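File shown: final-v4.pdb (PDB, C-alpha atoms).
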MODEL        1
ATOM      1  CA  MET Q   4     -94.351 -31.466 103.813  1.00  0.00           C
ATOM      2  CA  ASN Q   5     -97.675 -30.516 102.296  1.00  0.00           C
ATOM      3  CA  ASP Q   6    -100.118 -27.809 103.357  1.00  0.00           C
ATOM      4  CA  ARG Q   7    -102.285 -30.162 105.400  1.00  0.00           C
ATOM      5  CA  GLU Q   8     -99.277 -31.397 107.367  1.00  0.00           C
ATOM      6  CA  PHE Q   9     -97.998 -27.850 107.855  1.00  0.00           C
ATOM      7  CA  ASN Q  10    -101.434 -26.717 109.072  1.00  0.00           C
ATOM      8  CA  THR Q  11    -101.584 -29.625 111.523  1.00  0.00           C
ATOM      9  CA  LEU Q  12     -98.209 -28.646 112.996  1.00  0.00           C
ATOM     10  CA  GLU Q  13     -99.223 -24.980 113.060  1.00  0.00           C
ATOM     11  CA  LYS Q  14    -102.386 -25.817 115.034  1.00  0.00           C
ATOM     12  CA  ILE Q  15    -100.290 -27.677 117.586  1.00  0.00           C
ATOM     13  CA  ARG Q  16     -97.887 -24.713 117.847  1.00  0.00           C
ATOM     14  CA  LYS Q  17    -100.771 -22.287 118.379  1.00  0.00           C
ATOM     15  CA  CYS Q  18    -102.266 -24.537 121.031  1.00  0.00           C
ATOM     16  CA  LEU Q  19     -98.884 -24.725 122.786  1.00  0.00           C
ATOM     17  CA  LYS Q  20     -98.565 -20.943 122.712  1.00  0.00           C
ATOM     18  CA  SER Q  21    -102.052 -20.420 124.150  1.00  0.00           C
ATOM     19  CA  LYS Q  22    -101.343 -22.879 126.982  1.00  0.00           C
ATOM     20  CA  ARG Q  23     -98.019 -21.182 127.774  1.00  0.00           C
ATOM     21  CA  ASP Q  24     -99.733 -17.793 127.717  1.00  0.00           C
ATOM     22  CA  ARG Q  25    -102.369 -19.126 130.112  1.00  0.00           C
ATOM     23  CA  ILE Q  26     -99.628 -20.299 132.483  1.00  0.00           C
ATOM     24  CA  ASP Q  27     -98.140 -16.784 132.418  1.00  0.00           C
ATOM     25  CA  GLU Q  28    -101.579 -15.326 133.199  1.00  0.00           C
ATOM     26  CA  LEU Q  29    -102.061 -17.737 136.104  1.00  0.00           C
ATOM     27  CA  GLU Q  30     -98.622 -16.904 137.514  1.00  0.00           C
ATOM     28  CA  ASP Q  31     -99.514 -13.199 137.344  1.00  0.00           C
ATOM     29  CA  GLU Q  32    -102.813 -13.933 139.125  1.00  0.00           C
ATOM     30  CA  ILE Q  33    -100.903 -15.763 141.870  1.00  0.00           C
ATOM     31  CA  LYS Q  34     -98.603 -12.752 142.343  1.00  0.00           C
ATOM     32  CA  GLN Q  35    -101.593 -10.403 142.479  1.00  0.00           C
ATOM     33  CA  CYS Q  36    -103.339 -12.718 144.938  1.00  0.00           C
ATOM     34  CA  ARG Q  37    -100.304 -12.625 147.249  1.00  0.00           C
ATOM     35  CA  GLN Q  38    -100.133  -8.856 146.978  1.00  0.00           C
ATOM     36  CA  LYS Q  39    -103.844  -8.437 147.775  1.00  0.00           C
ATOM     37  CA  GLU Q  40    -103.514 -10.831 150.693  1.00  0.00           C
ATOM     38  CA  HIS Q  41    -100.619  -8.836 152.101  1.00  0.00           C
ATOM     39  CA  GLU Q  42    -102.418  -5.524 151.577  1.00  0.00           C
ATOM     40  CA  GLN Q  43    -105.551  -6.806 153.290  1.00  0.00           C
ATOM     41  CA  LEU Q  44    -104.023  -8.795 156.136  1.00  0.00           C
ATOM     42  CA  ALA Q  45    -100.949  -6.776 157.118  1.00  0.00           C
ATOM     43  CA  PRO Q  46    -102.971  -3.999 158.792  1.00  0.00           C
ATOM     44  CA  MET Q  47    -105.243  -6.545 160.482  1.00  0.00           C
ATOM     45  CA  ARG Q  48    -102.286  -8.556 161.815  1.00  0.00           C
ATOM     46  CA  GLU Q  49    -100.534  -5.413 162.970  1.00  0.00           C
ATOM     47  CA  GLU Q  50    -103.629  -4.143 164.766  1.00  0.00           C
ATOM     48  CA  LEU Q  51    -104.167  -7.511 166.443  1.00  0.00           C
ATOM     49  CA  ALA Q  52    -100.539  -7.676 167.590  1.00  0.00           C
ATOM     50  CA  ASP Q  53    -100.684  -4.109 168.870  1.00  0.00           C
ATOM     51  CA  THR Q  54    -103.915  -4.796 170.756  1.00  0.00           C
ATOM     52  CA  LYS Q  55    -102.469  -7.952 172.336  1.00  0.00           C
ATOM     53  CA  ASP Q  56     -99.319  -6.114 173.359  1.00  0.00           C
ATOM     54  CA  GLU Q  57    -101.232  -3.120 174.672  1.00  0.00           C
ATOM     55  CA  TRP Q  58    -103.671  -5.214 176.687  1.00  0.00           C
ATOM     56  CA  TYR Q  59    -100.949  -7.498 178.024  1.00  0.00           C
ATOM     57  CA  ASN Q  60     -99.026  -4.542 179.422  1.00  0.00           C
ATOM     58  CA  ASP Q  61    -102.095  -2.682 180.743  1.00  0.00           C
ATOM     59  CA  PRO Q  62    -102.755  -3.600 184.414  1.00  0.00           C
ATOM     60  CA  ASP Q  63    -106.011  -1.604 184.415  1.00  0.00           C
ATOM     61  CA  LYS Q  64    -107.403  -3.742 181.606  1.00  0.00           C
ATOM     62  CA  ARG Q  65    -106.442  -6.908 183.491  1.00  0.00           C
ATOM     63  CA  THR Q  66    -108.141  -5.586 186.628  1.00  0.00           C
ATOM     64  CA  GLU Q  67    -111.203  -4.702 184.555  1.00  0.00           C
ATOM     65  CA  TYR Q  68    -111.543  -8.377 183.633  1.00  0.00           C
ATOM     66  CA  GLY Q  69    -110.902  -9.449 187.241  1.00  0.00           C
ATOM     67  CA  ILE Q  70    -107.733 -11.427 186.592  1.00  0.00           C
ATOM     68  CA  LYS Q  71    -104.826 -11.264 188.995  1.00  0.00           C
ATOM     69  CA  LYS Q  72    -102.082 -13.404 187.405  1.00  0.00           C
ATOM     70  CA  GLN Q  73    -100.296 -12.207 184.274  1.00  0.00           C
ATOM     71  CA  SER Q  74    -100.165 -15.742 182.820  1.00  0.00           C
ATOM     72  CA  GLU Q  75    -103.952 -16.096 183.158  1.00  0.00           C
ATOM     73  CA  TRP Q  76    -104.362 -12.671 181.593  1.00  0.00           C
ATOM     74  CA  LYS Q  77    -102.349 -13.743 178.539  1.00  0.00           C
ATOM     75  CA  LEU Q  78    -104.705 -16.709 178.017  1.00  0.00           C
ATOM     76  CA  GLU Q  79    -107.723 -14.463 178.502  1.00  0.00           C
ATOM     77  CA  ILE Q  80    -106.436 -12.038 175.878  1.00  0.00           C
ATOM     78  CA  GLU Q  81    -106.100 -14.947 173.433  1.00  0.00           C
ATOM     79  CA  LYS Q  82    -109.715 -15.956 174.126  1.00  0.00           C
ATOM     80  CA  ILE Q  83    -111.025 -12.410 173.771  1.00  0.00           C
ATOM     81  CA  LEU Q  84    -109.176 -11.761 170.523  1.00  0.00           C
ATOM     82  CA  ALA Q  85    -109.806 -15.239 169.055  1.00  0.00           C
ATOM     83  CA  PRO Q  86    -112.567 -14.001 166.687  1.00  0.00           C
ATOM     84  CA  ALA Q  87    -110.182 -11.464 165.160  1.00  0.00           C
ATOM     85  CA  GLN Q  88    -107.492 -14.137 164.773  1.00  0.00           C
ATOM     86  CA  ASN Q  89    -110.057 -16.530 163.265  1.00  0.00           C
ATOM     87  CA  LYS Q  90    -111.067 -13.883 160.732  1.00  0.00           C
ATOM     88  CA  ILE Q  91    -107.431 -13.452 159.699  1.00  0.00           C
ATOM     89  CA  ASP Q  92    -107.023 -17.226 159.458  1.00  0.00           C
ATOM     90  CA  ASP Q  93    -110.169 -17.550 157.325  1.00  0.00           C
ATOM     91  CA  ILE Q  94    -109.015 -14.854 154.924  1.00  0.00           C
ATOM     92  CA  THR Q  95    -105.581 -16.474 154.704  1.00  0.00           C
ATOM     93  CA  THR Q  96    -107.188 -19.832 153.944  1.00  0.00           C
ATOM     94  CA  ASP Q  97    -109.347 -18.294 151.211  1.00  0.00           C
ATOM     95  CA  TYR Q  98    -106.276 -16.817 149.538  1.00  0.00           C
ATOM     96  CA  GLU Q  99    -104.407 -20.122 149.864  1.00  0.00           C
ATOM     97  CA  ILE Q 100    -107.310 -21.945 148.197  1.00  0.00           C
ATOM     98  CA  LYS Q 101    -107.367 -19.422 145.341  1.00  0.00           C
ATOM     99  CA  ARG Q 102    -103.634 -19.846 144.811  1.00  0.00           C
ATOM    100  CA  GLU Q 103    -103.802 -23.629 145.009  1.00  0.00           C
ATOM    101  CA  LYS Q 104    -106.506 -23.706 142.312  1.00  0.00           C
ATOM    102  CA  ARG Q 105    -104.194 -21.740 140.043  1.00  0.00           C
ATOM    103  CA  TYR Q 106    -101.213 -23.964 140.873  1.00  0.00           C
ATOM    104  CA  THR Q 107    -103.327 -27.020 140.032  1.00  0.00           C
ATOM    105  CA  GLU Q 108    -104.358 -25.506 136.707  1.00  0.00           C
ATOM    106  CA  ILE Q 109    -100.704 -24.719 135.949  1.00  0.00           C
ATOM    107  CA  ARG Q 110     -99.708 -28.333 136.672  1.00  0.00           C
ATOM    108  CA  GLU Q 111    -102.453 -29.594 134.331  1.00  0.00           C
ATOM    109  CA  LEU Q 112    -101.411 -27.165 131.602  1.00  0.00           C
ATOM    110  CA  LYS Q 113     -97.780 -28.284 131.914  1.00  0.00           C
ATOM    111  CA  LYS Q 114     -98.859 -31.918 131.451  1.00  0.00           C
ATOM    112  CA  GLN Q 115    -100.884 -30.941 128.377  1.00  0.00           C
ATOM    113  CA  ILE Q 116     -97.927 -28.956 127.006  1.00  0.00           C
ATOM    114  CA  LYS Q 117     -95.648 -31.946 127.461  1.00  0.00           C
ATOM    115  CA  ASP Q 118     -98.111 -34.157 125.566  1.00  0.00           C
ATOM    116  CA  LEU Q 119     -98.495 -31.593 122.786  1.00  0.00           C
ATOM    117  CA  GLU Q 120     -94.732 -31.188 122.463  1.00  0.00           C
ATOM    118  CA  MET Q 121     -94.410 -34.966 122.116  1.00  0.00           C
ATOM    119  CA  GLU Q 122     -97.188 -35.029 119.523  1.00  0.00           C
ATOM    120  CA  HIS Q 123     -95.560 -32.147 117.625  1.00  0.00           C
ATOM    121  CA  ALA Q 124     -92.162 -33.859 117.641  1.00  0.00           C
ATOM    122  CA  ASN Q 125     -93.661 -37.161 116.458  1.00  0.00           C
ATOM    123  CA  LYS Q 126     -95.657 -35.555 113.671  1.00  0.00           C
ATOM    124  CA  LEU Q 127     -92.728 -33.404 112.597  1.00  0.00           C
ATOM    125  CA  ALA Q 128     -90.490 -36.461 112.393  1.00  0.00           C
ATOM    126  CA  TYR Q 129     -93.163 -38.369 110.506  1.00  0.00           C
ATOM    127  CA  TYR Q 130     -93.875 -35.531 108.077  1.00  0.00           C
ATOM    128  CA  SER Q 131     -90.156 -34.959 107.527  1.00  0.00           C
ATOM    129  CA  GLN Q 132     -89.590 -38.491 106.215  1.00  0.00           C
ATOM    130  CA  PRO Q 133     -88.525 -38.701 102.581  1.00  0.00           C
ATOM    131  CA  ASN Q 134     -91.195 -39.379  99.991  1.00  0.00           C
ATOM    132  CA  MET Q 135     -91.598 -42.950 101.085  1.00  0.00           C
ATOM    133  CA  GLN Q 136     -95.085 -44.325 101.344  1.00  0.00           C
ATOM    134  CA  LYS Q 137     -96.416 -42.956 104.639  1.00  0.00           C
ATOM    135  CA  VAL Q 138     -98.591 -45.178 106.775  1.00  0.00           C
ATOM    136  CA  SER Q 139    -101.145 -43.614 109.082  1.00  0.00           C
ATOM    137  CA  ILE Q 140     -99.886 -43.116 112.627  1.00  0.00           C
ATOM    138  CA  ASP Q 141    -103.340 -43.762 114.020  1.00  0.00           C
ATOM    139  CA  PHE Q 142    -103.871 -47.392 113.161  1.00  0.00           C
ATOM    140  CA  ASN Q 143    -104.917 -50.219 115.379  1.00  0.00           C
ATOM    141  CA  VAL Q 144    -104.227 -53.940 115.459  1.00  0.00           C
ATOM    142  CA  LYS Q 145    -107.400 -54.891 113.565  1.00  0.00           C
ATOM    143  CA  ASP Q 146    -106.417 -52.685 110.608  1.00  0.00           C
ATOM    144  CA  VAL Q 147    -103.011 -54.328 110.433  1.00  0.00           C
ATOM    145  CA  GLN Q 148    -104.477 -57.836 110.672  1.00  0.00           C
ATOM    146  CA  GLN Q 149    -106.931 -57.088 107.833  1.00  0.00           C
ATOM    147  CA  GLU Q 150    -104.136 -55.765 105.599  1.00  0.00           C
ATOM    148  CA  VAL Q 151    -102.030 -58.897 106.232  1.00  0.00           C
ATOM    149  CA  LYS Q 152    -104.856 -61.197 105.083  1.00  0.00           C
TER     150      LYS Q 152
ENDMDL
END
Go ahead and render the structure in this file as structure tokens.
Amino acid sequence: MNDREFNTLEKIRKCLKSKRDRIDELEDEIKQCRQKEHEQLAPMREELADTKDEWYNDPDKRTEYGIKKQSEWKLEIEKILAPAQNKIDDITTDYEIKREKRYTEIRELKKQIKDLEMEHANKLAYYSQPNMQKVSIDFNVKDVQQEVK
């Protein structure tokens, strides 16, 4: 194997390493995204649940809204607190979108890694051949037809 061939393989190895490192970075970003989501939404969800529970069990609050039946009051609470629930849902969706973008990038990087590993293996096998006359890997049918004539 000569220097040019070694350098070609080394470039592929470096590219593979950078793509694997990027996958590790993306996985860390996904973990951090989940942690931030939990830190931001846990208090909001807890407060919303507490408010629902408090209002549901408070007959004065129900009377304040002029509702007599408990079942109607439960529906009214849902309507009143819908904006808070929608805000939580929107934030959750934003985090899910951020994570999905990273998952998509990871999938693409894994495909590229697979292709690079195949290219590395092929070139390594080709470069490792004994000192037989090596024919270019990147030829096309026209080149072969011209050589035959």
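Evaluating the PyMOL selection byres ((chain Q and resi 59) around 8) against the shown model yields Lys55, Asp56, Glu57, Trp58, Asn60, Asp61, Pro62, Arg65, Gln73, Trp76, Lys77 and Ile80 of chain Q.
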task: Return as a count of residues only the set of residues that the PyMOL selection byres ((chain Q and resi 102-113) around 12) yields on the displayed structure.
output: 37
query: Which value, in Å to one decimal, gives the distance between CA of Asp63 (chain Q) and CA of Ala45 (chain Q)?
result: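 Atom-to-atom, CA of Asp63 (chain Q) to CA of Ala45 (chain Q), that is 28.2 Å.
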Evaluate the PyMOL selection byres ((chain Q and resi 46-51) around 10) and report residues as an mmCIF file with C-alpha atoms, in the frame of the given file:
data_model
loop_
_atom_site.group_PDB
_atom_site.id
_atom_site.type_symbol
_atom_site.label_atom_id
_atom_site.label_comp_id
_atom_site.auth_asym_id
_atom_site.auth_seq_id
_atom_site.Cartn_x
_atom_site.Cartn_y
_atom_site.Cartn_z
ATOM 1 C CA HIS Q 41 -100.619 -8.836 152.101
ATOM 2 C CA GLU Q 42 -102.418 -5.524 151.577
ATOM 3 C CA GLN Q 43 -105.551 -6.806 153.290
ATOM 4 C CA LEU Q 44 -104.023 -8.795 156.136
ATOM 5 C CA ALA Q 45 -100.949 -6.776 157.118
ATOM 6 C CA ALA Q 52 -100.539 -7.676 167.590
ATOM 7 C CA ASP Q 53 -100.684 -4.109 168.870
ATOM 8 C CA THR Q 54 -103.915 -4.796 170.756
ATOM 9 C CA LYS Q 55 -102.469 -7.952 172.336
ATOM 10 C CA ASP Q 56 -99.319 -6.114 173.359
ATOM 11 C CA GLU Q 57 -101.232 -3.120 174.672
ATOM 12 C CA LEU Q 84 -109.176 -11.761 170.523
ATOM 13 C CA ALA Q 85 -109.806 -15.239 169.055
ATOM 14 C CA ALA Q 87 -110.182 -11.464 165.160
ATOM 15 C CA GLN Q 88 -107.492 -14.137 164.773
ATOM 16 C CA LYS Q 90 -111.067 -13.883 160.732
ATOM 17 C CA ILE Q 91 -107.431 -13.452 159.699
#
query: Of the residues Q:Lys82, Q:Arg16, Q:Lys64, Q:Lys71, which is the one nearest to Leu127 (chain Q), using only C-alpha atoms?
result: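 Ranked by minimum distance to Leu127 (chain Q), first place goes to Q:Arg16.
Compared by their closest atoms to Lys126 (chain Q), and using all atoms listed in the file, the residues Q:Asn89, Q:Ser74, Q:Thr66, Q:Thr11 rank with Q:Thr11 nearest.
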- request: Using all atoms listed in the file, find the one residue out of Q:Met4, Q:Ile15, Q:Ile94, Q:Leu78 that sits nearest to Ala124 (chain Q).
  value: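 Closest to Ala124 (chain Q), using all atoms listed in the file: Q:Ile15.
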message: When you count all atoms listed in the file, which of these residues is closest to Tyr130 (chain Q): Q:Glu79, Q:Glu67, Q:Glu8, Q:Asp93?
response: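 When distances to Tyr130 (chain Q) are compared using all atoms listed in the file, the smallest one comes from Q:Glu8.
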As lines of an AutoDock Vina configuration file, please report the centre and edge lengths, rounded to one decimal in Å, of the axis-aligned box that holds all listed atoms of region 21-34 of chain Q with 8 Å of padding on each of the six sides.
center_x = -100.4
center_y = -17.8
center_z = 133.2
size_x = 20.8
size_y = 26.1
size_z = 34.2
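Taking CA of His123 (chain Q) and CA of Glu13 (chain Q) as endpoints, the distance between them is 9.3 Å.
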